[in-house]
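Dropping query_35.txt in here (compact mmCIF, C-alpha atoms):
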```txt
# COMPACT_ATOMS: atom_id res chain seq x y z
CA MET A 23 0.37 -4.96 -13.03
CA LYS A 24 -2.93 -6.79 -13.46
CA VAL A 25 -6.21 -5.84 -11.80
CA THR A 26 -8.23 -9.01 -11.36
CA PHE A 27 -11.47 -10.32 -9.93
CA GLU A 28 -10.81 -13.04 -7.37
CA ARG A 29 -13.30 -15.85 -6.85
CA VAL A 30 -13.31 -16.79 -3.15
CA ILE A 31 -14.40 -20.33 -2.27
CA PRO A 32 -15.26 -20.99 1.40
CA ASN A 33 -13.44 -23.77 3.24
CA GLU A 34 -15.10 -27.16 3.23
CA LYS A 35 -18.08 -27.31 5.63
CA SER A 36 -17.77 -23.58 6.32
CA SER A 37 -19.55 -20.39 5.26
CA PHE A 38 -16.30 -18.43 4.93
CA ARG A 39 -12.65 -18.86 4.05
CA THR A 40 -9.62 -18.93 6.34
CA ILE A 41 -6.11 -18.76 4.86
CA HIS A 42 -2.78 -19.31 6.61
CA ASN A 43 0.14 -18.08 4.51
CA ASN A 44 3.57 -19.01 5.83
CA SER A 45 5.32 -20.25 2.70
CA PRO A 46 8.11 -18.34 0.92
CA ILE A 47 6.71 -15.16 -0.63
CA SER A 48 8.02 -16.24 -4.05
CA GLU A 49 5.22 -18.83 -4.14
CA PHE A 50 2.42 -16.26 -3.98
CA LYS A 51 1.01 -13.71 -6.42
CA TRP A 52 0.46 -10.41 -4.62
CA GLU A 53 -1.55 -8.80 -7.41
CA TYR A 54 -4.14 -6.00 -7.24
CA HIS A 55 -7.60 -7.58 -7.08
CA TYR A 56 -11.12 -7.30 -5.69
CA HIS A 57 -13.91 -9.62 -4.54
CA PRO A 58 -17.36 -9.31 -2.92
CA GLU A 59 -16.11 -10.83 0.33
CA ILE A 60 -15.01 -8.65 3.25
CA GLU A 61 -11.41 -9.46 4.21
CA LEU A 62 -9.50 -9.31 7.49
CA VAL A 63 -5.72 -9.51 7.00
CA CYS A 64 -3.41 -10.09 9.95
CA VAL A 65 0.30 -10.10 9.12
CA LEU A 66 1.76 -11.77 12.20
CA SER A 67 5.24 -10.38 11.63
CA GLY A 68 7.35 -8.85 8.92
CA SER A 69 7.13 -5.80 6.69
CA GLY A 70 5.69 -5.00 3.28
CA THR A 71 3.28 -2.73 1.43
CA ARG A 72 -0.42 -2.25 2.14
CA HIS A 73 -2.40 -1.15 -0.91
CA VAL A 74 -6.11 -0.70 -0.25
CA GLY A 75 -8.29 1.38 -2.58
CA TYR A 76 -6.56 4.71 -3.17
CA HIS A 77 -4.19 4.14 -0.26
CA LYS A 78 -0.66 2.82 -0.44
CA SER A 79 1.94 2.79 2.34
CA ASN A 80 4.57 0.58 3.93
CA TYR A 81 4.18 -1.31 7.20
CA THR A 82 6.69 -2.89 9.57
CA ASN A 83 6.35 -5.42 12.39
CA GLY A 84 3.08 -6.86 11.09
CA ASP A 85 -0.32 -5.40 10.29
CA LEU A 86 -4.06 -5.81 10.89
CA VAL A 87 -6.43 -4.40 8.26
CA LEU A 88 -10.14 -4.88 7.52
CA ILE A 89 -11.07 -4.41 3.84
CA GLY A 90 -14.65 -3.93 2.68
CA SER A 91 -16.54 -5.70 -0.08
CA ASN A 92 -15.25 -5.09 -3.63
CA ILE A 93 -12.52 -2.68 -2.51
CA PRO A 94 -9.47 -3.24 -4.78
CA HIS A 95 -6.37 -4.23 -2.82
CA SER A 96 -3.06 -6.06 -3.13
CA GLY A 97 -1.82 -9.01 -1.12
CA PHE A 98 0.08 -7.81 1.94
CA GLY A 99 3.14 -9.80 0.94
CA LEU A 100 3.77 -7.18 -1.73
CA ASN A 101 7.39 -5.97 -1.45
CA SER A 102 7.93 -8.08 1.67
CA ILE A 103 10.82 -10.39 2.41
CA ASP A 104 10.90 -13.82 4.05
CA PRO A 105 9.82 -14.83 6.58
CA HIS A 106 6.25 -13.67 5.93
CA GLU A 107 3.31 -15.15 7.84
CA GLU A 108 -0.30 -14.03 7.76
CA ILE A 109 -3.81 -15.19 8.58
CA VAL A 110 -6.62 -14.01 6.32
CA LEU A 111 -10.39 -14.27 6.81
CA GLN A 112 -12.72 -13.76 3.82
CA PHE A 113 -16.47 -13.72 4.38
CA LYS A 114 -19.64 -12.34 2.81
CA GLN A 115 -21.69 -9.95 4.87
CA GLU A 116 -24.78 -12.09 4.22
CA ILE A 117 -23.53 -14.80 6.60
CA LEU A 118 -23.83 -12.32 9.48
CA GLN A 119 -27.56 -12.23 10.12
CA PHE A 120 -28.69 -10.44 13.28
CA PRO A 121 -32.17 -9.60 14.61
CA GLU A 122 -32.97 -5.90 14.28
CA GLN A 123 -33.41 -5.59 18.04
CA GLU A 124 -29.93 -7.00 18.72
CA VAL A 125 -28.24 -3.87 20.07
CA GLU A 126 -24.82 -5.51 20.34
CA ALA A 127 -24.85 -6.34 16.64
CA ARG A 128 -25.17 -2.71 15.57
CA SER A 129 -21.52 -2.06 16.28
CA ILE A 130 -20.54 -4.89 13.92
CA LYS A 131 -22.75 -3.42 11.20
CA ASP A 132 -21.09 -0.03 11.74
CA LEU A 133 -17.66 -1.69 11.56
CA LEU A 134 -18.47 -3.36 8.24
CA GLU A 135 -19.74 -0.07 6.86
CA LEU A 136 -16.45 1.62 7.80
CA SER A 137 -14.51 -1.25 6.22
CA LYS A 138 -15.39 0.20 2.81
CA TYR A 139 -12.70 2.81 3.53
CA GLY A 140 -10.19 0.22 4.73
CA ILE A 141 -9.47 0.09 8.48
CA LYS A 142 -5.95 -0.22 9.89
CA PHE A 143 -5.95 -1.27 13.55
CA HIS A 144 -3.15 -0.30 15.89
CA ARG A 145 -0.52 -2.78 17.03
CA LYS A 146 -1.99 -3.56 20.45
CA ILE A 147 -5.28 -4.56 18.78
CA LYS A 148 -3.41 -6.84 16.38
CA LYS A 149 -1.55 -8.43 19.28
CA GLY A 150 -4.84 -9.17 21.05
CA MET A 151 -6.35 -10.73 17.92
CA ILE A 152 -3.53 -13.16 17.14
CA PRO A 153 -4.50 -15.88 19.69
CA LYS A 154 -8.09 -15.93 18.39
CA LEU A 155 -6.93 -16.04 14.78
CA ARG A 156 -4.57 -18.93 15.51
CA LEU A 157 -7.41 -20.72 17.29
CA MET A 158 -9.50 -20.14 14.16
CA LEU A 159 -7.02 -22.27 12.20
CA GLU A 160 -7.59 -25.18 14.59
CA SER A 161 -11.38 -24.89 14.89
CA GLU A 162 -14.13 -26.34 12.75
CA GLY A 163 -17.81 -25.88 12.07
CA TYR A 164 -19.85 -23.67 14.33
CA LYS A 165 -16.89 -22.94 16.63
CA ARG A 166 -15.16 -21.19 13.74
CA TYR A 167 -18.27 -19.14 13.05
CA LEU A 168 -18.58 -18.10 16.70
CA LEU A 169 -14.91 -17.10 16.67
CA LEU A 170 -15.55 -14.93 13.62
CA LEU A 171 -18.39 -13.16 15.44
CA GLU A 172 -16.23 -12.72 18.52
CA ILE A 173 -13.36 -11.24 16.50
CA LEU A 174 -15.63 -8.82 14.66
CA PHE A 175 -17.37 -7.77 17.86
CA GLU A 176 -14.07 -7.03 19.61
CA LEU A 177 -12.83 -5.04 16.62
CA SER A 178 -16.11 -3.10 16.54
CA GLN A 179 -15.53 -2.00 20.14
CA SER A 180 -12.06 -0.65 19.42
CA LYS A 181 -11.30 3.02 18.86
CA ASP A 182 -7.62 2.38 18.13
CA TYR A 183 -7.76 2.45 14.36
CA GLU A 184 -7.50 4.76 11.37
CA LEU A 185 -9.30 4.79 8.04
CA LEU A 186 -6.99 4.29 5.07
CA ASN A 187 -9.10 6.28 2.60
CA ASN A 188 -11.12 9.47 2.79
CA GLU A 189 -13.61 8.13 0.28
CA ILE A 190 -14.71 4.78 -1.06
CA MET A 191 -13.14 3.55 -4.30
CA PRO A 192 -15.92 2.04 -6.43
CA TYR A 193 -14.62 -1.20 -7.93
CA THR A 194 -16.41 -0.20 -11.13
CA ILE A 195 -13.66 2.39 -11.68
CA ILE A 196 -11.19 -0.46 -11.88
CA SER A 197 -13.39 -2.96 -13.72
CA LYS A 198 -14.62 -0.54 -16.42
CA ASN A 199 -11.14 0.84 -17.13
CA LYS A 200 -9.19 -2.32 -16.36
CA THR A 201 -7.07 -2.59 -19.51
CA ARG A 202 -6.28 1.12 -19.72
CA LEU A 203 -5.23 1.32 -16.06
CA GLU A 204 -3.19 -1.88 -16.32
CA ASN A 205 -1.27 -0.41 -19.27
CA ILE A 206 -0.59 2.84 -17.40
CA PHE A 207 0.45 1.15 -14.16
CA THR A 208 2.66 -1.36 -15.98
CA PHE A 209 4.36 1.45 -17.92
CA VAL A 210 5.22 3.25 -14.67
CA GLU A 211 6.34 -0.01 -13.10
CA HIS A 212 8.82 -0.56 -15.95
CA ASN A 213 9.99 3.06 -16.35
CA TYR A 214 9.91 4.72 -12.91
CA ASP A 215 13.72 4.75 -12.82
CA LYS A 216 13.97 7.02 -15.86
CA GLU A 217 12.32 10.20 -17.13
CA ILE A 218 8.62 9.72 -17.93
CA ASN A 219 6.93 11.93 -20.52
CA ILE A 220 3.25 12.29 -19.65
CA GLU A 221 2.40 12.79 -23.35
CA ASP A 222 3.78 9.32 -24.09
CA VAL A 223 1.57 7.86 -21.36
CA ALA A 224 -1.48 9.69 -22.74
CA LYS A 225 -0.79 8.15 -26.16
CA LEU A 226 -0.46 4.73 -24.51
CA ALA A 227 -3.94 5.25 -23.01
CA ASN A 228 -5.21 6.37 -26.44
CA LEU A 229 -6.28 9.74 -25.02
CA THR A 230 -5.41 13.35 -25.66
CA LEU A 231 -3.29 14.92 -22.92
CA PRO A 232 -6.21 16.89 -21.33
CA ALA A 233 -8.49 13.85 -21.53
CA PHE A 234 -5.81 11.64 -19.97
CA CYS A 235 -5.25 14.06 -17.09
CA ASN A 236 -9.00 14.19 -16.40
CA PHE A 237 -9.37 10.42 -16.65
CA PHE A 238 -6.45 9.65 -14.34
CA LYS A 239 -7.51 12.18 -11.70
CA LYS A 240 -11.07 10.79 -11.71
CA ALA A 241 -9.90 7.19 -11.45
CA THR A 242 -7.24 7.67 -8.76
CA GLN A 243 -8.09 10.99 -7.04
CA ILE A 244 -4.57 12.29 -7.69
CA THR A 245 -2.67 13.61 -10.70
CA PHE A 246 -0.41 11.38 -12.78
CA THR A 247 2.67 13.33 -11.65
CA GLU A 248 1.65 12.80 -8.03
CA PHE A 249 1.20 9.11 -8.70
CA VAL A 250 4.66 8.75 -10.24
CA ASN A 251 6.32 10.65 -7.39
CA ARG A 252 4.62 8.46 -4.79
CA TYR A 253 5.57 5.31 -6.66
CA ARG A 254 9.21 6.43 -6.81
CA ILE A 255 9.34 7.38 -3.14
CA ASN A 256 7.85 4.03 -2.18
CA LYS A 257 10.54 2.27 -4.20
CA ALA A 258 13.16 4.46 -2.54
CA CYS A 259 11.90 3.38 0.89
CA LEU A 260 12.35 -0.25 -0.08
CA LEU A 261 15.88 0.40 -1.32
CA MET A 262 16.76 2.21 1.91
CA ALA A 263 15.53 -0.81 3.85
CA GLN A 264 18.23 -2.72 1.92
CA ASP A 265 20.94 -0.29 3.14
CA LYS A 266 21.30 1.58 -0.16
CA SER A 267 22.70 5.12 0.12
CA ILE A 268 20.49 8.19 -0.28
CA SER A 269 22.09 9.13 -3.60
CA GLU A 270 21.71 5.55 -4.91
CA CYS A 271 18.03 5.56 -3.97
CA SER A 272 17.53 8.94 -5.60
CA TYR A 273 19.05 8.08 -8.97
CA ASN A 274 17.76 4.50 -9.05
CA CYS A 275 14.20 5.77 -8.60
CA GLY A 276 14.21 8.36 -11.37
CA PHE A 277 15.20 11.47 -9.41
CA ASN A 278 18.06 13.24 -11.15
CA ASN A 279 18.52 15.73 -8.33
CA VAL A 280 19.21 14.63 -4.74
CA THR A 281 17.95 17.92 -3.30
CA TYR A 282 14.61 17.50 -5.09
CA PHE A 283 14.49 13.86 -3.97
CA ASN A 284 15.01 14.92 -0.34
CA ARG A 285 12.19 17.46 -0.65
CA MET A 286 9.76 14.93 -2.16
CA PHE A 287 10.74 12.29 0.39
CA LYS A 288 10.00 14.67 3.25
CA LYS A 289 6.68 15.65 1.67
CA TYR A 290 5.38 12.10 1.35
CA THR A 291 6.87 10.40 4.41
CA GLU A 292 7.13 13.36 6.82
CA LYS A 293 10.73 12.26 7.45
CA THR A 294 14.01 13.13 5.81
CA PRO A 295 15.82 10.21 4.11
CA SER A 296 18.37 10.21 6.94
CA GLU A 297 15.64 10.05 9.59
CA PHE A 298 13.93 7.23 7.73
CA MET A 299 17.13 5.15 7.54
CA LYS A 300 17.89 5.73 11.21
CA ASN A 301 14.37 4.81 12.34
CA PHE A 302 14.19 1.77 10.06
CA SER A 303 17.38 0.40 11.54
CA HIS A 304 15.61 0.45 14.93
CA ASN A 305 12.37 -1.04 13.52
CA LYS A 306 10.39 2.07 14.41
CA VAL A 307 9.40 3.30 11.00
CA ASN A 308 5.85 3.11 9.67
CA VAL A 309 5.61 5.20 6.54
CA ASP A 310 2.36 6.54 5.08
CA LEU A 311 2.84 8.35 1.77
CA LYS A 312 0.74 11.46 2.38
CA VAL A 313 -0.19 14.59 0.52
CA GLU A 314 0.04 17.76 2.57
CA GLU A 315 -3.69 18.53 2.66
CA THR A 316 -5.23 15.09 2.19
CA LYS A 317 -4.97 11.49 3.31
CA ILE A 318 -6.09 9.96 0.02
CA LYS A 319 -3.45 7.58 -1.26
CA ILE A 320 -2.85 5.48 -4.35
CA GLY A 321 -0.59 2.63 -5.26
CA PHE A 322 0.55 1.05 -8.49
```
Transcribe the structure of this file into structure tokens.
Amino acid sequence: MKVTFERVIPNEKSSFRTIHNNSPISEFKWEYHYHPEIELVCVLSGSGTRHVGYHKSNYTNGDLVLIGSNIPHSGFGLNSIDPHEEIVLQFKQEILQFPEQEVEARSIKDLLELSKYGIKFHRKIKKGMIPKLRLMLESEGYKRYLLLLEILFELSQSKDYELLNNEIMPYTIISKNKTRLENIFTFVEHNYDKEINIEDVAKLANLTLPAFCNFFKKATQITFTEFVNRYRINKACLLMAQDKSISECSYNCGFNNVTYFNRMFKKYTEKTPSEFMKNFSHNKVNVDLKVEETKIKIGF
């Protein structure tokens, strides 16, 4: 996995960028990246993985997330299947200039401050935003800008949301340790289905075992073992969505013991594997990979 800086170029004759993705997902790169622009992602329909800062979880039946400036994140088509359609707005905070005495604008400023944690809006909010976002695709010039203000103002008035992270991930953590983290993440990506020796990973990072443990915890807010378990459970969720059996998911994701797999699955999803499969078949599942005492999350 690569961690890249993305250069965002506004649309012609516009101060911000609007993207409409409705092509086959094979045509897009859903890599982990960051940019100075604030980003609003609306997945109109479909399922996939949201990875924002330290947070990583699956979504179904679309999504609406606001991501702050320079917060590392993946494209929301990650692990999705066709058809996948989304509308994305990318804008710099500097284009939103309000007079100090403009009381109504304060809520937008508060919203953008919260976006540094990643904000996931509930389904009814997403449903209400879709007509305005579709209109955005058809509008030009100042009408598009006014629509952006209207969308942000409506979102700032909503209380139906949750923050995806308990603390802000500084993009400098990613940028300063880019190569080392890429090597670690790629190693897990290629070896999650077999036994992973943490000492081998420490050598890969060119660190002693204690130094590696300290480095990884500082960079991701969780231990390496926790990271691997979450990665494996996330992969298991995707396999279950493809009607694989519980035992197949367990062994294909590096768990050599089904009982232990069931325990880890319940810990991170708050559902048993059987409950997950039943709920997914009825399109009711929305899994957040959680730790028992914290909401901080990490992806690969």
From A:Thr294, A:Ser69, A:Asn92, A:Ser272, residue lying nearest His106 (chain A) [all atoms listed in the file]:
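For His106 (chain A), the nearest of the given residues is A:Ser69.
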When you look at region 38-53 of chain A with a cut-off of 9 Å (counting only C-alpha atoms), what residues show up, excluding the ones that are within fewer than 3 positions of it in the same chain? I need them as a PyMOL selection string.
chain A and resi 23-26+30-34+59+95-114+117+158-159+167
Residue nearest Lys239 (chain A) among A:Leu86, A:Tyr56, A:Gln179, A:Leu203 (counting all atoms listed in the file)
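Of A:Leu86, A:Tyr56, A:Gln179, A:Leu203, the one nearest Lys239 (chain A), counting all atoms listed in the file, is A:Leu203.
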Between A:Ser296, A:Asn80, A:Arg285, A:Met191, single out the one closest to Lys240 (chain A), counting only C-alpha atoms.
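Smallest distance to Lys240 (chain A) is found for A:Met191.
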Could you jot down the CA of Glu176 (chain A) to CA of Ser37 (chain A) separation for me, Å, one decimal place?
20.4 Å
Which neighbours of Glu217 (chain A) fall inside 10 Å, counting only C-alpha atoms, when residues of the same chain fewer than 2 positions from it are skipped, and could you give them as a list of chain:residue names?
A:Asn213, A:Tyr214, A:Asp215, A:Asn219, A:Ile220, A:Cys275, A:Gly276, A:Phe277, A:Asn278
Choose the residue, out of A:Lys78, A:Lys131, A:Lys200, A:Arg252, that has the smallest atom-to-atom separation from Leu186 (chain A); count all atoms listed in the file.
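Once distances to Leu186 (chain A) are computed over all atoms listed in the file, the minimum belongs to A:Lys78.
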Return the padded bounding box of region 69-76 of chain A as JSON: axis-aligned, built from all atoms listed in the file, 8 Å added on each side, with centre and edge lengths in Å to one decimal.
```
{"center_x": -0.6, "center_y": -0.5, "center_z": 1.8, "size_x": 31.4, "size_y": 26.5, "size_z": 25.9}
```
When you look at Arg128 (chain A) with a cut-off of 12 Å (counting all atoms listed in the file), what residues show up, excluding the ones that are within fewer than 6 positions of it in the same chain? I need them as a list in words.
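The filter keeps Leu118, Gln119, Phe120, Pro121, Glu122, Leu134, Glu135, Leu174, Phe175, Ser178 and Gln179 of chain A.
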Using all atoms listed in the file, which residue out of A:Thr247, A:Asn188, A:Gln115, A:Ser79 lies closest to Tyr290 (chain A)?
A:Ser79
Quick one: pull the distance between CA of Lys148 (chain A) and CA of Asp85 (chain A), Å, one decimal.
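Here the two named atoms are 7.0 Å from each other.
CA of Asp182 (chain A) lies 7.4 Å from CA of Ile147 (chain A).
Each of A:Val87, A:Gly163, A:Tyr253, A:Gln243 was checked against Leu177 (chain A) using only C-alpha atoms; the smallest atom-to-atom distance is that of A:Val87.
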